[in-house]
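S.K.: Pasting a structure here, questions to come.
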Amino acid sequence: MPLNRRKFLKKSAVTGAGVALAGAAGAPAAQAVEARKGHRPVKRYALTVMGTTDLHGHVFNWDYFKDAEYTDAAGNAQGLARISTLVNAIRKEKGRANTLLLDAGDTIQGTPLTYYYAKVDPITAKGGPVHPMAQAMNAIGYDAVALGNHEFNYGIETLRKFESQCDFPLLGANALDAKTLKPAFPPYFMKTFRVQGAPPVKVAVLGLTNPGIAIWDKAYVQGKLTFPGLEEQAAKWVPKLRSMGADVVVVSAHSGASGTSSYGDQVPYVENSAALVAQQVPGIDAILVGHAHLEIPELKVTNAASGKTVVLSEPLAFAERMSVFDFQLVFERGCWRVESVAASVRNTNAVADDPRITRLLRDEHDVVVAYVNQVVGTATETLTTVEARYKDAPIIDLITKVQEDVVRAALVGTEYASLPVLAQASPFSRTSEIPAGDVTIRDLSSLYVYDNTLVAKVLTGAQVRAYLEYSANYFVRTAVGAVIDTEKLTNANNRPDYNYDYVSGLAYDIDIAQAEGSRIKNLTYGGAPLDDAQRFVFAVNNYRANGGGAFPFVASAPEVWSESTEIRTRIAEWVTAKGSLDPAEFASVDWKLTREGTPVF
């Protein structure tokens, strides 16, 4: 679908700078509060901004992989149906005319519900369904949503269709058309709040997305969209919004607050730059933070230029929390001024589902439950990821075996058919289990929770060795004789489980007593020491192939094949074709942890 802003421009008035201006709040006017200050009445106004982020397709408090209500040790609850209840309560307390509801992105990917309506019964089909997330968010009454990086996982056509189904704008001031360098999505949203007895309050919401999209969804966006840094684009837009009369500027940013990046120097823009935006760009009052899946009830950052405090808040992902910003404004010298901002989070485990949302999406939910419970084969024994982080587990070997088979078949008849095939896979979940007996789509989906697709690259033996050394940095250095605590053995330098890779087709030890960069020992291929000059075809997911996790060499390696079918679908097809899931057909012990030659386990 063409990259244009037709829907946006059709619905909005446009200034000379190509910026949209949204309509005024339609609810009854709020009453300005007057307080005596000497002999002058002081007009005040209270505004509440609610925010969610990283919803990832969670409408209900339901775990499709377990086919049961969602539960965890912390007692959290999930889902937009719970968020709706929280929103209703705050609107009732504050007055709907005095509230905004925002989201900071990652909406249409993350659960079998979102996968189903992107791939199985796609919203892009002629006469296709309305996306469940659009239905829910429209019903709840979101005002604006920033684009997340996962919005692009199913391609631009799906994203544009979702956009057309939403009653609110999808904002992305730093999502630019690659040819014109003009915004491909609305940069901002502006709403006017009427105040009885005083001039109206104008609130601008600037939406910013993540520069990492250029890496993570390169196949979809290269040559079509470009994603400059958040700080750069905020510095461009915030002054414009102020010049247009914005009394309050809120940023909805799909970017964490840590100032770090997962992709090294592949993109010259910071991945998690929300706090940097607050520090570097004057004129911002508050930032709704996303992307990092962390809970930050309130973070205050001082702007270096103005000395003013910017308040940041990030609610937990999956609709487990909602951030609430309470603004106090005062009318002075002919204009409104933000006197204070306070942020906090609300917990969805304190409320019940909104029955209105339950009724609205019960049918879609039931269809997906039936889909994921389809039996596709039988397993000869139970397979689990419980120890997969530190032991070579057969359940991960299943992933690499499927990837090897798919790539070998794809390369038949090509010049690369004679090269040996290696494959990578990560222990995404610590709780996945394929039970002995019937195997369903949800069992296999829980093993591969991301919508990744398969890519074939060509690497040398030396590059594979460097790749493995980088992967081995996942383990905490542990001296010989030290007690092994498996809960403290992994995730060194806060590296997530999905950035630790197995590599199949080789044998190797990981010596965790050694310093980073010197841990891979006894690396062999076919029983002989690995030849650094030998070439291999490397079957890798698209996230890793495009540079996700900043693994060395793979992003720049020659690509010889790729496809758009999800790896989880390939696993389901493989199991369906076999009929039986027997570890004897795919499992092998390729690697182990050691300390100076002695196995850890």
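Within each chain, counting starts at residue 1; across the structure tokens, chains are named A, B, ... in the order shown, with ligands numbered 1 upward in that order.
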Set the distance at 8 Å and use only C-alpha atoms: which residues neighbour Asn347 of chain A once local chain neighbours fewer than 3 positions away are removed? I'd like the list as number ranges by chain.

M.R.: A: 76, 320-322, 350

S.K.: Please identify all polymer residues within 8 Å of segment 281-284 of chain A, counting only C-alpha atoms, omitting same-chain residues fewer than 2 positions from it, and present them as an MDAnalysis selection string.

M.R.: chainID A and resid 231 234:235 238:239 242 248:251 277:279 286:287 303:306 310

S.K.: Filtering to N, CA, C and O atoms, could you give me those residues as a compact mmCIF listing (two decimals), in the first residue's frame?

M.R.:
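Saved result, selection.txt, follows:
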# COMPACT_ATOMS: atom_id res chain seq x y z
N GLU A 231 15.48 12.32 19.66
CA GLU A 231 15.88 13.65 20.13
C GLU A 231 15.83 14.66 18.99
O GLU A 231 15.34 15.78 19.16
N ALA A 234 12.14 15.38 18.06
CA ALA A 234 11.47 16.13 19.12
C ALA A 234 11.92 17.59 19.11
O ALA A 234 11.11 18.52 19.28
N ALA A 235 13.21 17.81 18.87
CA ALA A 235 13.74 19.18 18.81
C ALA A 235 13.14 19.95 17.64
O ALA A 235 13.02 21.18 17.69
N VAL A 238 8.67 20.01 18.84
CA VAL A 238 8.18 20.64 20.07
C VAL A 238 8.05 22.16 19.91
O VAL A 238 7.02 22.75 20.28
N PRO A 239 9.06 22.86 19.36
CA PRO A 239 8.90 24.31 19.16
C PRO A 239 7.72 24.65 18.25
O PRO A 239 7.03 25.65 18.46
N ARG A 242 4.54 24.40 20.30
CA ARG A 242 4.43 25.55 21.18
C ARG A 242 4.01 26.80 20.39
O ARG A 242 3.17 27.58 20.83
N VAL A 248 0.24 22.65 26.82
CA VAL A 248 0.82 21.44 27.40
C VAL A 248 1.37 20.60 26.26
O VAL A 248 0.70 20.42 25.23
N VAL A 249 2.59 20.07 26.43
CA VAL A 249 3.17 19.15 25.44
C VAL A 249 3.50 17.83 26.13
O VAL A 249 4.31 17.79 27.07
N VAL A 250 2.86 16.78 25.66
CA VAL A 250 3.11 15.42 26.14
C VAL A 250 3.72 14.63 24.99
O VAL A 250 3.26 14.73 23.85
N VAL A 251 4.75 13.86 25.29
CA VAL A 251 5.35 12.98 24.29
C VAL A 251 4.97 11.54 24.60
O VAL A 251 5.07 11.10 25.76
N VAL A 277 15.54 12.64 25.52
CA VAL A 277 14.61 13.61 24.93
C VAL A 277 14.20 14.63 26.00
O VAL A 277 14.21 15.85 25.77
N ALA A 278 13.86 14.14 27.19
CA ALA A 278 13.46 15.03 28.28
C ALA A 278 14.59 15.98 28.67
O ALA A 278 14.36 17.15 28.94
N GLN A 279 15.79 15.47 28.66
CA GLN A 279 16.95 16.25 29.08
C GLN A 279 17.37 17.28 28.04
O GLN A 279 17.75 18.40 28.37
N ALA A 286 5.72 16.20 29.90
CA ALA A 286 5.68 14.82 30.38
C ALA A 286 5.92 13.87 29.21
O ALA A 286 5.65 14.21 28.05
N ILE A 287 6.41 12.67 29.53
CA ILE A 287 6.65 11.66 28.51
C ILE A 287 6.08 10.32 28.98
O ILE A 287 6.43 9.83 30.06
N ASN A 303 15.46 19.31 32.41
CA ASN A 303 15.87 19.73 31.08
C ASN A 303 17.09 20.64 31.18
O ASN A 303 17.09 21.61 31.95
N ALA A 304 18.13 20.32 30.40
CA ALA A 304 19.39 21.03 30.51
C ALA A 304 19.28 22.49 30.08
O ALA A 304 19.98 23.35 30.62
N ALA A 305 18.40 22.78 29.13
CA ALA A 305 18.30 24.15 28.62
C ALA A 305 17.41 25.03 29.49
O ALA A 305 17.75 26.18 29.78
N SER A 306 16.27 24.50 29.90
CA SER A 306 15.30 25.32 30.64
C SER A 306 15.39 25.19 32.15
O SER A 306 14.88 26.05 32.89
N VAL A 310 10.80 17.51 33.77
CA VAL A 310 9.96 16.73 32.88
C VAL A 310 9.64 15.42 33.59
O VAL A 310 10.54 14.75 34.11

S.K.: Given the choices A:Leu360, A:Val289, A:Ala545, A:Met190, which gets closest to Asn138 of chain A if the distance is worked out from only C-alpha atoms?

M.R.: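 The closest residue to Asn138 of chain A is A:Leu360.
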
S.K.: Do a neighbour search on Ala104 of chain A at 6 Å with only C-alpha atoms, toss out local chain neighbours closer than 3 positions, and write the hits as a PyMOL selection string.

M.R.: chain A and resi 53+145-146+252-254+290

S.K.: Extract, using only C-alpha atoms, all DNA, RNA and protein residues at most 7 Å from Gly79 of chain A, discarding same-chain residues fewer than 5 positions from it, and format them as a list of chain:residue names.

M.R.: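 Answer for this query is A:His58, A:Val59, A:Phe60, A:Asn61, A:Phe318, A:Ala319, A:Glu320.
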
S.K.: Taking only segment 553-589 of chain A into account, list the residues labelled strand (DSSP E or B) by DSSP (computed from the backbone), as a list of chain:residue names.

M.R.: A:Glu559, A:Val560, A:Trp561, A:Ser562, A:Glu563, A:Ser564, A:Thr565, A:Glu566, A:Ser580, A:Leu581

S.K.: Put those residues in a file: C-alpha atoms, as a short mmCIF file (atom, residue, chain, number, x, y, z; two decimals), in the first residue's frame.

M.R.:
data_model
loop_
_atom_site.label_atom_id
_atom_site.label_comp_id
_atom_site.auth_asym_id
_atom_site.auth_seq_id
_atom_site.Cartn_x
_atom_site.Cartn_y
_atom_site.Cartn_z
CA GLU A 559 21.93 -13.25 2.34
CA VAL A 560 21.10 -16.15 0.04
CA TRP A 561 17.44 -16.80 0.87
CA SER A 562 14.58 -15.54 3.02
CA GLU A 563 10.84 -16.07 3.39
CA SER A 564 7.80 -14.49 5.01
CA THR A 565 6.35 -17.62 6.66
CA GLU A 566 6.77 -17.53 10.45
CA SER A 580 5.02 -37.84 15.70
CA LEU A 581 7.41 -35.68 17.72
#

S.K.: Identify, on the basis of only C-alpha atoms, every residue whose closest approach to segment 468-477 of chain A does not exceed 10 Å; exclude the query and any residue fewer than 3 positions from it along the same chain; express the result as a PyMOL selection string.

M.R.: chain A and resi 389-390+462-465+480+488-497+499-503+508-521+523+549-552+593+595

S.K.: Using only C-alpha atoms, I'd like a table of the residues in segment 419-532 of chain A that come within 12 Å of segment 393-406 of chain A; for each, show the closest atom pair and its distance in Å rounded to one decimal, ordered by chain and ascending number, as a Markdown table.

M.R.:
| residue | atom | partner | partner_atom | distance |
| --- | --- | --- | --- | --- |
| A:Leu419 | CA | A:Glu404 | CA | 11.8 |
| A:Pro420 | CA | A:Glu404 | CA | 9.5 |
| A:Val421 | CA | A:Glu404 | CA | 6.2 |
| A:Leu422 | CA | A:Glu404 | CA | 6.6 |
| A:Ala423 | CA | A:Thr400 | CA | 5.3 |
| A:Gln424 | CA | A:Thr400 | CA | 6.1 |
| A:Ala425 | CA | A:Thr400 | CA | 6.0 |
| A:Ser426 | CA | A:Ile396 | CA | 7.2 |
| A:Pro427 | CA | A:Ile396 | CA | 6.8 |
| A:Phe428 | CA | A:Ile396 | CA | 9.4 |
| A:Ser429 | CA | A:Ile396 | CA | 10.6 |
| A:Arg430 | CA | A:Ile395 | CA | 11.5 |
| A:Thr431 | CA | A:Ile395 | CA | 11.6 |
| A:Ser432 | CA | A:Ile395 | CA | 9.0 |
| A:Glu433 | CA | A:Ile395 | CA | 8.4 |
| A:Ile434 | CA | A:Ile395 | CA | 8.2 |
| A:Pro435 | CA | A:Ile395 | CA | 11.1 |
| A:Asp443 | CA | A:Ile395 | CA | 11.3 |
| A:Leu444 | CA | A:Ile399 | CA | 9.9 |
| A:Ser445 | CA | A:Ile399 | CA | 11.4 |
| A:Ser446 | CA | A:Ile395 | CA | 11.3 |
| A:Leu447 | CA | A:Ile395 | CA | 8.0 |
| A:Tyr448 | CA | A:Ile399 | CA | 8.3 |
| A:Asn452 | CA | A:Gln403 | CA | 11.8 |
| A:Thr453 | CA | A:Gln403 | CA | 10.0 |
| A:Leu454 | CA | A:Gln403 | CA | 7.4 |
| A:Val455 | CA | A:Gln403 | CA | 9.2 |
| A:Ala456 | CA | A:Gln403 | CA | 9.4 |
| A:Tyr500 | CA | A:Ile396 | CA | 11.9 |
| A:Asp501 | CA | A:Ile396 | CA | 9.9 |
| A:Tyr502 | CA | A:Ile396 | CA | 8.0 |
| A:Val503 | CA | A:Thr400 | CA | 7.8 |
| A:Ser504 | CA | A:Thr400 | CA | 6.4 |
| A:Gly505 | CA | A:Thr400 | CA | 9.0 |
| A:Leu506 | CA | A:Thr400 | CA | 11.8 |

S.K.: Please, could you write that set of residues out with C-alpha atoms as a PDB file, in the first residue's frame?

M.R.:
ATOM      1  CA  LEU A 419      27.411 -25.894   1.835  1.00  0.00           C
ATOM      2  CA  PRO A 420      26.748 -27.334   5.296  1.00  0.00           C
ATOM      3  CA  VAL A 421      23.803 -25.757   7.123  1.00  0.00           C
ATOM      4  CA  LEU A 422      23.980 -24.495  10.696  1.00  0.00           C
ATOM      5  CA  ALA A 423      21.076 -22.967  12.603  1.00  0.00           C
ATOM      6  CA  GLN A 424      20.550 -20.706  15.610  1.00  0.00           C
ATOM      7  CA  ALA A 425      17.748 -20.661  18.159  1.00  0.00           C
ATOM      8  CA  SER A 426      17.161 -19.073  21.544  1.00  0.00           C
ATOM      9  CA  PRO A 427      15.419 -20.224  24.740  1.00  0.00           C
ATOM     10  CA  PHE A 428      12.664 -17.626  24.482  1.00  0.00           C
ATOM     11  CA  SER A 429      10.536 -18.877  27.357  1.00  0.00           C
ATOM     12  CA  ARG A 430      11.469 -20.512  30.644  1.00  0.00           C
ATOM     13  CA  THR A 431       8.117 -22.241  30.986  1.00  0.00           C
ATOM     14  CA  SER A 432       7.342 -23.749  27.568  1.00  0.00           C
ATOM     15  CA  GLU A 433       6.325 -27.377  27.565  1.00  0.00           C
ATOM     16  CA  ILE A 434       5.276 -29.802  24.874  1.00  0.00           C
ATOM     17  CA  PRO A 435       3.535 -32.606  26.788  1.00  0.00           C
ATOM     18  CA  ASP A 443       2.052 -26.019  22.521  1.00  0.00           C
ATOM     19  CA  LEU A 444       4.295 -25.189  19.578  1.00  0.00           C
ATOM     20  CA  SER A 445       3.459 -21.474  19.661  1.00  0.00           C
ATOM     21  CA  SER A 446       4.530 -21.290  23.304  1.00  0.00           C
ATOM     22  CA  LEU A 447       7.929 -22.587  22.235  1.00  0.00           C
ATOM     23  CA  TYR A 448       8.361 -19.861  19.607  1.00  0.00           C
ATOM     24  CA  ASN A 452      10.063 -14.251  13.393  1.00  0.00           C
ATOM     25  CA  THR A 453      10.711 -15.504   9.879  1.00  0.00           C
ATOM     26  CA  LEU A 454      13.655 -17.434   8.462  1.00  0.00           C
ATOM     27  CA  VAL A 455      16.706 -16.081   6.643  1.00  0.00           C
ATOM     28  CA  ALA A 456      19.756 -17.887   5.223  1.00  0.00           C
ATOM     29  CA  TYR A 500      21.460 -16.157  23.897  1.00  0.00           C
ATOM     30  CA  ASP A 501      21.802 -18.485  20.895  1.00  0.00           C
ATOM     31  CA  TYR A 502      22.367 -22.177  20.458  1.00  0.00           C
ATOM     32  CA  VAL A 503      24.103 -23.019  17.161  1.00  0.00           C
ATOM     33  CA  SER A 504      23.374 -26.475  15.772  1.00  0.00           C
ATOM     34  CA  GLY A 505      25.601 -28.580  13.525  1.00  0.00           C
ATOM     35  CA  LEU A 506      28.719 -27.949  15.638  1.00  0.00           C
TER      36      LEU A 506
END

S.K.: Please identify all polymer residues within 10 Å of segment 86-98 of chain A, counting only C-alpha atoms, omitting same-chain residues fewer than 2 positions from it, and present them as a ChimeraX atom specification.

M.R.: /A:24-30,45-51,80-84,100-101,140-142,192-195,321-322,324,346-348,350-354

S.K.: Please dump the current selection as a compact mmCIF listing (two decimals), in the first residue's frame; keep N, CA, C and O atoms.

M.R.:
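Heads up, here's the output in part12.txt:
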# COMPACT_ATOMS: atom_id res chain seq x y z
N ALA A 24 -11.61 20.05 19.02
CA ALA A 24 -11.71 20.34 20.45
C ALA A 24 -12.44 19.21 21.16
O ALA A 24 -13.16 18.43 20.57
N ALA A 25 -12.21 19.16 22.47
CA ALA A 25 -12.90 18.17 23.29
C ALA A 25 -14.40 18.40 23.19
O ALA A 25 -14.88 19.52 23.32
N GLY A 26 -15.15 17.30 22.99
CA GLY A 26 -16.57 17.45 22.74
C GLY A 26 -17.42 17.32 23.98
O GLY A 26 -18.62 17.52 23.92
N ALA A 27 -16.83 16.94 25.12
CA ALA A 27 -17.62 16.74 26.33
C ALA A 27 -17.91 18.07 26.98
O ALA A 27 -17.34 19.10 26.62
N PRO A 28 -18.81 18.11 27.97
CA PRO A 28 -19.16 19.37 28.62
C PRO A 28 -17.93 20.10 29.15
O PRO A 28 -16.96 19.49 29.59
N ALA A 29 -18.00 21.44 29.13
CA ALA A 29 -16.86 22.24 29.53
C ALA A 29 -16.56 22.09 31.01
O ALA A 29 -17.44 21.88 31.83
N ALA A 30 -15.28 22.17 31.35
CA ALA A 30 -14.88 22.09 32.75
C ALA A 30 -14.90 23.48 33.37
O ALA A 30 -14.79 24.50 32.68
N TYR A 45 -6.75 24.86 36.34
CA TYR A 45 -7.37 23.78 35.59
C TYR A 45 -6.61 22.49 35.87
O TYR A 45 -5.36 22.48 35.90
N ALA A 46 -7.31 21.40 36.08
CA ALA A 46 -6.70 20.09 36.32
C ALA A 46 -6.96 19.19 35.11
O ALA A 46 -8.10 19.02 34.67
N LEU A 47 -5.89 18.62 34.58
CA LEU A 47 -5.94 17.72 33.43
C LEU A 47 -5.35 16.38 33.82
O LEU A 47 -4.31 16.33 34.50
N THR A 48 -5.96 15.31 33.40
CA THR A 48 -5.43 13.97 33.65
C THR A 48 -5.16 13.26 32.33
O THR A 48 -6.05 13.19 31.47
N VAL A 49 -3.94 12.75 32.18
CA VAL A 49 -3.55 12.00 30.99
C VAL A 49 -3.27 10.56 31.42
O VAL A 49 -2.43 10.32 32.28
N MET A 50 -4.00 9.63 30.84
CA MET A 50 -3.80 8.21 31.11
C MET A 50 -3.00 7.58 29.98
O MET A 50 -3.13 7.99 28.83
N GLY A 51 -2.18 6.58 30.31
CA GLY A 51 -1.35 5.99 29.28
C GLY A 51 -1.07 4.51 29.49
O GLY A 51 -0.82 4.07 30.61
N LEU A 80 -6.81 -5.36 27.98
CA LEU A 80 -7.50 -4.08 27.77
C LEU A 80 -8.87 -4.04 28.44
O LEU A 80 -9.36 -2.96 28.78
N ALA A 81 -9.48 -5.20 28.66
CA ALA A 81 -10.77 -5.20 29.35
C ALA A 81 -10.62 -4.67 30.77
O ALA A 81 -11.52 -3.99 31.29
N ARG A 82 -9.47 -4.94 31.40
CA ARG A 82 -9.19 -4.39 32.73
C ARG A 82 -8.84 -2.90 32.63
O ARG A 82 -9.27 -2.10 33.45
N ILE A 83 -8.05 -2.56 31.63
CA ILE A 83 -7.70 -1.14 31.42
C ILE A 83 -8.97 -0.32 31.25
O ILE A 83 -9.08 0.79 31.79
N SER A 84 -9.94 -0.84 30.52
CA SER A 84 -11.19 -0.12 30.29
C SER A 84 -11.87 0.21 31.61
O SER A 84 -12.41 1.32 31.79
N LEU A 100 -7.26 12.66 28.84
CA LEU A 100 -6.74 12.12 27.58
C LEU A 100 -6.33 10.67 27.83
O LEU A 100 -5.85 10.34 28.92
N LEU A 101 -6.46 9.82 26.80
CA LEU A 101 -6.02 8.43 26.90
C LEU A 101 -5.07 8.14 25.74
O LEU A 101 -5.45 8.25 24.57
N ILE A 140 -12.91 1.74 23.95
CA ILE A 140 -12.43 2.37 25.18
C ILE A 140 -12.29 3.88 25.00
O ILE A 140 -12.46 4.65 25.96
N GLY A 141 -12.00 4.30 23.78
CA GLY A 141 -11.90 5.72 23.49
C GLY A 141 -10.50 6.29 23.61
O GLY A 141 -10.29 7.34 24.20
N TYR A 142 -9.53 5.59 23.00
CA TYR A 142 -8.17 6.14 22.96
C TYR A 142 -8.15 7.39 22.11
O TYR A 142 -8.85 7.49 21.10
N THR A 192 -8.19 20.51 22.16
CA THR A 192 -8.52 21.72 22.91
C THR A 192 -9.55 21.39 24.00
O THR A 192 -10.59 20.80 23.72
N PHE A 193 -9.22 21.75 25.21
CA PHE A 193 -10.10 21.52 26.36
C PHE A 193 -10.75 22.85 26.74
O PHE A 193 -10.05 23.82 27.07
N ARG A 194 -12.06 22.91 26.70
CA ARG A 194 -12.77 24.14 27.02
C ARG A 194 -12.88 24.29 28.54
O ARG A 194 -13.20 23.34 29.24
N VAL A 195 -12.61 25.49 29.00
CA VAL A 195 -12.63 25.79 30.43
C VAL A 195 -13.60 26.94 30.66
O VAL A 195 -13.40 28.04 30.13
N ARG A 321 -0.45 -2.55 33.82
CA ARG A 321 -0.49 -1.28 34.53
C ARG A 321 -0.96 -0.19 33.58
O ARG A 321 -0.85 -0.31 32.35
N MET A 322 -1.42 0.90 34.16
CA MET A 322 -1.74 2.11 33.40
C MET A 322 -1.11 3.30 34.12
O MET A 322 -1.26 3.43 35.33
N VAL A 324 -0.81 7.26 35.04
CA VAL A 324 -1.71 8.40 35.18
C VAL A 324 -0.87 9.64 35.49
O VAL A 324 -0.13 9.66 36.47
N ARG A 346 -1.55 2.66 37.91
CA ARG A 346 -2.68 1.90 38.43
C ARG A 346 -2.50 0.43 38.03
O ARG A 346 -2.05 0.14 36.93
N ASN A 347 -2.89 -0.48 38.91
CA ASN A 347 -2.69 -1.90 38.70
C ASN A 347 -4.01 -2.54 38.24
O ASN A 347 -5.03 -2.41 38.90
N THR A 348 -3.96 -3.25 37.12
CA THR A 348 -5.19 -3.86 36.61
C THR A 348 -5.64 -5.06 37.43
O THR A 348 -6.77 -5.54 37.25
N ALA A 350 -6.45 -4.90 40.35
CA ALA A 350 -7.37 -4.38 41.36
C ALA A 350 -8.79 -4.25 40.85
O ALA A 350 -9.69 -3.88 41.61
N VAL A 351 -9.01 -4.55 39.56
CA VAL A 351 -10.34 -4.36 38.98
C VAL A 351 -10.75 -5.58 38.17
O VAL A 351 -9.93 -6.44 37.85
N ALA A 352 -12.01 -5.63 37.79
CA ALA A 352 -12.54 -6.70 36.95
C ALA A 352 -12.58 -6.25 35.49
O ALA A 352 -12.46 -5.06 35.19
N ASP A 353 -12.77 -7.19 34.59
CA ASP A 353 -12.95 -6.86 33.17
C ASP A 353 -14.19 -5.99 33.00
O ASP A 353 -15.19 -6.16 33.68
N ASP A 354 -14.09 -5.07 32.05
CA ASP A 354 -15.25 -4.30 31.65
C ASP A 354 -16.14 -5.21 30.80
O ASP A 354 -15.73 -5.66 29.72

S.K.: Between A:Asn210, A:Ser323, A:Gln233, A:Thr99, which has the minimum distance to Asn272 of chain A (counting only C-alpha atoms)?

M.R.: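 Result for the nearest residue to Asn272 of chain A: A:Asn210.
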
S.K.: Can you tell me how far atom CA of Lys182 of chain A sits from atom CA of Ser273 of chain A, in Å to one decimal?

M.R.: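 Separation of atom CA of Lys182 of chain A and atom CA of Ser273 of chain A: 21.8 Å.
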
S.K.: Which one is closest to Gln222 of chain A: A:Lys202, A:Arg44, A:Arg442, A:Lys179? Count only C-alpha atoms.

M.R.: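 Of A:Lys202, A:Arg44, A:Arg442, A:Lys179, the one nearest Gln222 of chain A is A:Lys179, counting only C-alpha atoms.
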
S.K.: Give me, as a list in words, the residues of segment 130-196 of chain A that a backbone DSSP run labels helix (DSSP H, G or I).

M.R.: Pro132, Met133, Ala134, Gln135, Ala136, Met137, Asn138, Ala139, Ile140, Asn149, His150, Glu151, Phe152, Ile156, Glu157, Thr158, Leu159, Arg160, Lys161, Phe162, Glu163, Ser164 and Gln165 of chain A

S.K.: Print the selection's residues with N, CA and C atoms to a file, as a short mmCIF file (atom, residue, chain, number, x, y, z; two decimals), in the first residue's frame.

M.R.:
data_model
loop_
_atom_site.label_atom_id
_atom_site.label_comp_id
_atom_site.auth_asym_id
_atom_site.auth_seq_id
_atom_site.Cartn_x
_atom_site.Cartn_y
_atom_site.Cartn_z
N PRO A 132 -9.10 -6.97 16.33
CA PRO A 132 -9.60 -6.90 17.71
C PRO A 132 -9.02 -5.75 18.53
N MET A 133 -7.76 -5.39 18.28
CA MET A 133 -7.18 -4.28 19.03
C MET A 133 -7.80 -2.95 18.62
N ALA A 134 -8.14 -2.81 17.33
CA ALA A 134 -8.84 -1.60 16.90
C ALA A 134 -10.23 -1.54 17.52
N GLN A 135 -10.93 -2.68 17.52
CA GLN A 135 -12.25 -2.71 18.13
C GLN A 135 -12.20 -2.30 19.60
N ALA A 136 -11.28 -2.91 20.34
CA ALA A 136 -11.21 -2.64 21.78
C ALA A 136 -10.80 -1.21 22.07
N MET A 137 -9.77 -0.72 21.37
CA MET A 137 -9.26 0.62 21.66
C MET A 137 -10.24 1.69 21.20
N ASN A 138 -10.95 1.43 20.12
CA ASN A 138 -12.01 2.36 19.72
C ASN A 138 -13.10 2.42 20.78
N ALA A 139 -13.49 1.27 21.27
CA ALA A 139 -14.57 1.22 22.26
C ALA A 139 -14.17 1.90 23.56
N ILE A 140 -12.91 1.74 23.95
CA ILE A 140 -12.43 2.37 25.18
C ILE A 140 -12.29 3.88 25.00
N ASN A 149 7.70 -0.51 17.37
CA ASN A 149 8.44 -1.24 16.34
C ASN A 149 7.69 -2.49 15.90
N HIS A 150 6.95 -3.13 16.80
CA HIS A 150 6.23 -4.35 16.42
C HIS A 150 5.01 -4.07 15.55
N GLU A 151 4.63 -2.82 15.40
CA GLU A 151 3.57 -2.48 14.46
C GLU A 151 3.96 -2.85 13.03
N PHE A 152 5.25 -2.96 12.77
CA PHE A 152 5.74 -3.20 11.41
C PHE A 152 6.01 -4.68 11.13
N ILE A 156 3.77 -3.28 5.95
CA ILE A 156 3.14 -1.96 5.93
C ILE A 156 1.66 -2.04 5.54
N GLU A 157 1.30 -3.01 4.68
CA GLU A 157 -0.10 -3.14 4.28
C GLU A 157 -0.98 -3.44 5.49
N THR A 158 -0.53 -4.36 6.34
CA THR A 158 -1.31 -4.69 7.54
C THR A 158 -1.39 -3.50 8.48
N LEU A 159 -0.27 -2.80 8.64
CA LEU A 159 -0.27 -1.63 9.52
C LEU A 159 -1.22 -0.55 8.99
N ARG A 160 -1.19 -0.30 7.69
CA ARG A 160 -2.08 0.73 7.12
C ARG A 160 -3.55 0.32 7.26
N LYS A 161 -3.83 -0.97 7.12
CA LYS A 161 -5.21 -1.41 7.28
C LYS A 161 -5.65 -1.22 8.72
N PHE A 162 -4.79 -1.58 9.66
CA PHE A 162 -5.10 -1.35 11.07
C PHE A 162 -5.33 0.13 11.33
N GLU A 163 -4.48 0.97 10.76
CA GLU A 163 -4.61 2.42 10.93
C GLU A 163 -5.98 2.89 10.43
N SER A 164 -6.41 2.35 9.31
CA SER A 164 -7.70 2.77 8.74
C SER A 164 -8.88 2.33 9.61
N GLN A 165 -8.67 1.32 10.44
CA GLN A 165 -9.75 0.81 11.29
C GLN A 165 -9.81 1.51 12.65
#

S.K.: Neighbouring residues of Glu298 of chain A were defined as those with any atom within 9 Å, considering only C-alpha atoms; residues of the same chain fewer than 5 positions away were excluded. Please report them as a list in words.

M.R.: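 Non-adjacent residues within range: Val311, Leu312, Ser313, Glu314, Ser323, Ala342, Ala343, Ser344 and Val345 of chain A.
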
S.K.: List as JSON lines every residue of segment 86-107 of chain A that is in contact with segment 291-297 of chain A, defined as an atom at most 12 Å from one of its atoms (using only C-alpha atoms), together with the nearest atom pair and the distance in Å rounded to one decimal, sorted by chain and then rising number.

M.R.:
{"residue": "A:Asp103", "atom": "CA", "partner": "A:His291", "partner_atom": "CA", "distance": 11.1}
{"residue": "A:Ala104", "atom": "CA", "partner": "A:His291", "partner_atom": "CA", "distance": 7.9}
{"residue": "A:Gly105", "atom": "CA", "partner": "A:His291", "partner_atom": "CA", "distance": 7.5}
{"residue": "A:Asp106", "atom": "CA", "partner": "A:His291", "partner_atom": "CA", "distance": 7.6}
{"residue": "A:Thr107", "atom": "CA", "partner": "A:His291", "partner_atom": "CA", "distance": 11.0}

S.K.: For a test of reading the model, state the distance in Å between atom CA of Phe189 of chain A and atom CA of Leu206 of chain A, rounded to one decimal.

M.R.: 6.6 Å

S.K.: Measuring between only C-alpha atoms, which one of A:Leu55, A:Leu176, A:Ala68, A:Val589 shows the shortest distance to Lys391 of chain A?

M.R.: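 Among the listed residues, A:Val589 lies closest to Lys391 of chain A.
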